[in-house]
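These notes concern the structure reproduced below.
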Amino acid sequence: MKPETEDSQPFLGFRDDPTKRSSAEDEESGGNENAILHQQHALKTSRTRRYLRDFLVFLATSLVWVLAFSFLPGPQAPTDSPSPAMPTPPPSMSSPSKGLPSPLPQVGQDGKAGSTVPGPDFIALTHNVTSGAQLVSCGNSTQEAKKNGCWYDTLLNHWVPAPCYDREFEQEYMDDDTWHAYADVNLTQRLTREEMGDHDSYYTSIEDHVNHCSMLWKKQFWTLFEERRTFDAVIVNNYHTEHCADFLKDIYGSNRTEPTFVKVAYSACWVRPGEGKHMN
């Protein structure tokens with residue numbers, strides 16, 4: 001049976017009795033404590049070094065990224081010049097209130113427009129398809145048009161100079177069989193093709209109005225795509241293009257059947273120098 005004093009000793013060999021600190025048991029216990037303290041100190045030192053190493057790596061990496069981003073090119077500053085993809089409209093068409101010349105409107109199929117012969121001021125102040133081209137006119141009457149060798153184009157509803165008369169597109173337009181003109185609003189007195197140009201005005205069906213606008217857009221595309229040397233003044237007139245665009249939007253889904261009033265008019269022809277395809 002062990003002495004009572006041994007049973008009451010605290011855990012880990014710690015003793016309050018100063019007389020037993022020099023015993024062999026205490027020396028052994030003290031040696032273990034020194035080893036533990038040394039191990040704890042070494043562990044603490046190792047952790048400190050690891051933290052310092054990680055901090056230095058983080059600092060160096062951050063510095064590398066800062067240097068890398070500093071050499072990247074910044075965003076380009078916007079310039080005042082317009083983008084080639086978005087050309088600025090010619091001043092003559094966009095700013096009539098500033099005293100710049102505006103194109104004279106062509107007579108549309110609604111018959112509400114005025115003169116149809118572009119004057120000299122119609123030539124745009126900035127470069128466009130008419131730049132450098134000569135303007136040839138038919139005059140302002142049927143008599144003048146015939147005297148100047150012009151042809152009546154049923155697609156355009158205009159007299160046009162011979163170099164700009166496009167027989168191919170007129171024939172495609174007439175193949176639709178909606179082109180017929182009438183002397184009366186009830187569409188009962190049909191006119192011949194030859195009679196159409198001799199009248200001051202006539203009426204057509206609303207189906208012909210749709211055909212007229214769609215065919216003119218096709219003609220406009222091929223004129224620009226083939227870079228034709230000659231083209232009539234109707235397809236480069238902003239009034240007529242806007243008129244057809246608005247009309248086709250309004251007619252879609254509607255039940256409109258009213259006839260279209262057409263005023264016979266007199267156009268002109270743009271002739272560009274150099275080689276290229278002519279109208280035929």
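Within each chain, counting starts at residue 1; across the structure tokens, chains are named A, B, ... in the order shown, with ligands numbered 1 upward in that order.
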Find the spatial neighbours of A:Ile235, counting only C-alpha atoms, within a cut-off of 8 Å - ignore same-chain residues fewer than 3 positions away - and output them as a list of chain:residue names. A:Leu216, A:Trp217, A:Lys219, A:Gln220, A:Phe231, A:Asp232, A:His240, A:Thr241
Find the residues near stretch 189-205 of chain A: any atom within 6 Å, counting only C-alpha atoms, skip ones fewer than 5 places away on the same chain, and give them as a ChimeraX atom specification. /A:152,181-183,259-264
Atom CA of A:Tyr252 and atom CA of A:Asp208 are how many Å apart?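 One can read the atom CA of A:Tyr252 to atom CA of A:Asp208 distance as 14.4 Å.
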Closest to A:Gly132 among A:Val271, A:Val210, A:Ala265, A:Leu187, using only C-alpha atoms?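 Checking each of A:Val271, A:Val210, A:Ala265, A:Leu187 against A:Gly132, counting only C-alpha atoms, the winner is A:Val271.
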Report the distance between atom CA of A:Asn211 and atom CA of A:His180 in Å, rounded to one decimal place. 11.6 Å
Where does DSSP see strand (DSSP E) in stretch 145-262 of chain A, if you list the residues as a list of chain:residue names?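 Assigned to strand (DSSP E), within stretch 145-262 of chain A: A:Trp151, A:Tyr152, A:Asp153, A:His158, A:Trp159, A:Val160, A:Ser201, A:Tyr202, A:Tyr203, A:Thr204, A:Thr230, A:Phe231, A:Asp232, A:Thr260, A:Phe261, A:Val262.
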Written file, previous selection with C-alpha atoms, as a compact mmCIF listing (two decimals), in the first residue's frame:
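New file out_27.txt:
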# COMPACT_ATOMS: atom_id res chain seq x y z
CA TRP A 151 -38.66 58.49 -122.00
CA TYR A 152 -41.68 58.01 -119.78
CA ASP A 153 -40.88 55.35 -117.16
CA HIS A 158 -41.53 60.22 -114.34
CA TRP A 159 -40.08 61.30 -117.65
CA VAL A 160 -36.34 60.53 -117.51
CA SER A 201 -52.13 62.65 -113.55
CA TYR A 202 -53.86 59.30 -113.23
CA TYR A 203 -54.87 56.68 -110.65
CA THR A 204 -53.51 53.23 -109.86
CA THR A 230 -25.96 56.60 -114.80
CA PHE A 231 -28.92 56.61 -112.43
CA ASP A 232 -32.15 58.57 -112.18
CA THR A 260 -53.46 55.93 -105.46
CA PHE A 261 -53.29 59.34 -107.12
CA VAL A 262 -50.21 59.71 -109.34
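Taking atom CA of A:Gly274 and atom CA of A:Ser131 as endpoints, the distance between them is 12.9 Å.
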